[in-house]
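Q: One structure follows; several queries about it will come next.
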Amino acid sequence: MAMTGTRLLGGRYVLLDVLGTGGMSTVWRAKDEVLDREVAVKVLGPQYAADAAFRTRFEREARHVAGLSHPRLVTVFDCGVQGSTPFIVMELVAGRTLRQILDETGTIPPEDAVAIAAAVCEGLAAAHAAGLVHRDIKPANIVLSGAGVKVLDFGIARLEGVPGGTRTQTVLGTAAYLSPEQASGQPVGPQADLYALGCVLFEMLTGTPPFMADSEVGVAYRQVHDDPGPPSARRPGLPAQLDWITSRLMAKNPAERPPGAIAARAGLLAALTPGRTAVFPAHVAPTAQEPQHPTRRPRSTELILGVALLASLAGLLTMLLTSNRSVPPAAPVTVSHSHGPRQSPSPSGSRAAGAHHRPALPPVAAAAATFVGELQAGVGSGQVSTDAGRNLFNQLQQLLFEPSDQNPEHVQQQYDQLVQAYDHYQADGQITGHAAIVLSRALDALRVAAGAR
């Protein structure tokens, strides 16, 4: 986002230079003229600023985040809305992200990987106790600085149970670290952060994410359906307890993961202690004190969070945001607190091993990825309306993420519903031009892949 006019926000924050940009926001290095210190200011993009309800919710939730104070979390100092532009003011952290370190080193010694993951658990425990779920734990949001390990970017976290959270809003993360419940549009709680941390731990130990594919859709599909195997299968010699805690963190069923970040931390620390086994108490299902997200019809601006930002098939459902794997600098740099377009891993070094863990997707997932790409292109060109894109995406979700052993009649019913929705929008003039042709072809390919008639 390019700021126009004044570069002063809130009457005190002078925007100096851009630290990073992404789908939701631009992050600036800024000067707080009142306290005479440098800060990071995240400015939301215009597509969100235009939604008054979104601005209100953003400001309310930012204030909840600002109430957190923990050495493992980047501090939020302030937030506000200037005109129609929401912004959030954060601590400016100097250091290197885990993403930068992994891109440079490939793997991390097991004891260091455990120490980093355990430190992240400390920050998550504080946030979860306050009712906040991060939703985008990944190497780019973990920084190692002189102050130790800090978790970045709670600016996209949302208060659990806040009215306005939706099924279609639940995908906010990055596919390589996305929990199965996020990928399939289910209610998301603290266990989603633990799953993402398991994916990060897996990558620290092996040098590759647990799941890789040729598209973000494919990665999300594999998060729901596939088993990555133990880290020791890719890096022989790892302690069996590390395999165990990683598999627990990455359990498909949230109830089978550690019941909380404190328990996860205990399991991590026990993994490097010979003969010691962590025993987790039974997971307690959510109660009235842990409300679930209500369902409502998403706004068109929420679709922009997904379909219109699905660069190169980046994302599944309606809110999959991706992150940049930048080339690591030679010296520590100021953390950008930002999201950017995700690049494919380099084939060199330890990343080359990832090719051996990128099996071909099932035909239905590959066909769905093509459909998503054409849908994104249609929305971007204006030949597919945001309404049509949103609803076709929701219909596709049901077909793609149902259990693989579902009966053929159910598959047929879901495919028929998708086609009926497409026909409706085309007849209504909401799918036009070249998009109508390529989407029709993609639907036919999806029919064949799914075994529908």
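Numbering starts fresh at 1 for the residues of each chain in the structure tokens, the chains themselves are lettered A, B, ... in the order given, and ligands are numbered from 1 as they appear.
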Per DSSP on the backbone, what are the helix (DSSP H, G or I) residues of segment 29-242 of chain A, as a ChimeraX atom specification?

A: /A:46-49,52-66,98-105,110-129,139-141,154-156,167-169,175-177,180-183,190-206,216-225,231-233,240-242

Q: In Å to one decimal, how far is atom CA of Pro363 of chain A from atom CA of Ala449 of chain A?

A: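 A separation of 5.2 Å between them.
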
Q: So, with only C-alpha atoms as the atoms that count, which of A:Gly389, A:Pro209, A:Pro239, A:Arg447 lies closest to Thr273 of chain A?

A: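 For Thr273 of chain A, the nearest of the candidates is A:Pro239.
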
Q: Near Ala140 of chain A, within 7 Å and counting only C-alpha atoms, which residues show up once chain neighbours fewer than 3 positions away are dropped, as a count of residues only?

A: 3

Q: Excluding Gly10 of chain A and residues on its chain fewer than 5 positions from it, collect all residues at most 12 Å away from it, counting only C-alpha atoms, and give them as a VMD selection string.

A: chain A and resid 15 30 to 34 41 43 78 to 83 85 to 89

Q: So which one's closest to Ala196 of chain A, A:Val149, A:Ala240, A:Ala115, A:Ala261? Using only C-alpha atoms, please.

A: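 Smallest separation from Ala196 of chain A among the options: A:Ala261.
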
Q: In Å, how far is it from atom CA of Glu409 of chain A to atom CA of Pro362 of chain A?

A: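 Interatomic distance, atom CA of Glu409 of chain A to atom CA of Pro362 of chain A: 19.2 Å.
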
Q: Taking into account only C-alpha atoms, which residue in the set A:Val120, A:Leu418, A:Leu132, A:Ile108 is nearest to Glu203 of chain A?

A: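 Using only C-alpha atoms, Glu203 of chain A sits closest to A:Ile108.
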
Q: Just how far from atom CA of Ile116 of chain A is atom CA of Arg72 of chain A, in Å to one decimal?

A: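 If I compute the distance from atom CA of Arg72 of chain A to atom CA of Ile116 of chain A, I get 10.6 Å.
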
Q: Using only C-alpha atoms, which residues sit within 8 Å of Leu439 of chain A once same-chain residues fewer than 6 positions away are excluded, as a list in words?

A: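 Here the answer would be Phe371, Glu374 and Leu375 of chain A.
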
Q: Would you export the selected residues with C-alpha atoms as a PDB file, in the first residue's frame, please?

A:
ATOM      1  CA  PHE A 371      -9.936 -24.562 -10.904  1.00  0.00           C
ATOM      2  CA  GLU A 374      -8.702 -19.986 -13.106  1.00  0.00           C
ATOM      3  CA  LEU A 375     -11.098 -18.614 -10.495  1.00  0.00           C
TER       4      LEU A 375
END

Q: Let me make sure I understand: among A:Ala113, A:Val448, A:Val27, A:Val151, which one has the smallest atom-to-atom distance to Pro71 of chain A if we use only C-alpha atoms?

A: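 Ranked by minimum distance to Pro71 of chain A, first place goes to A:Val151.
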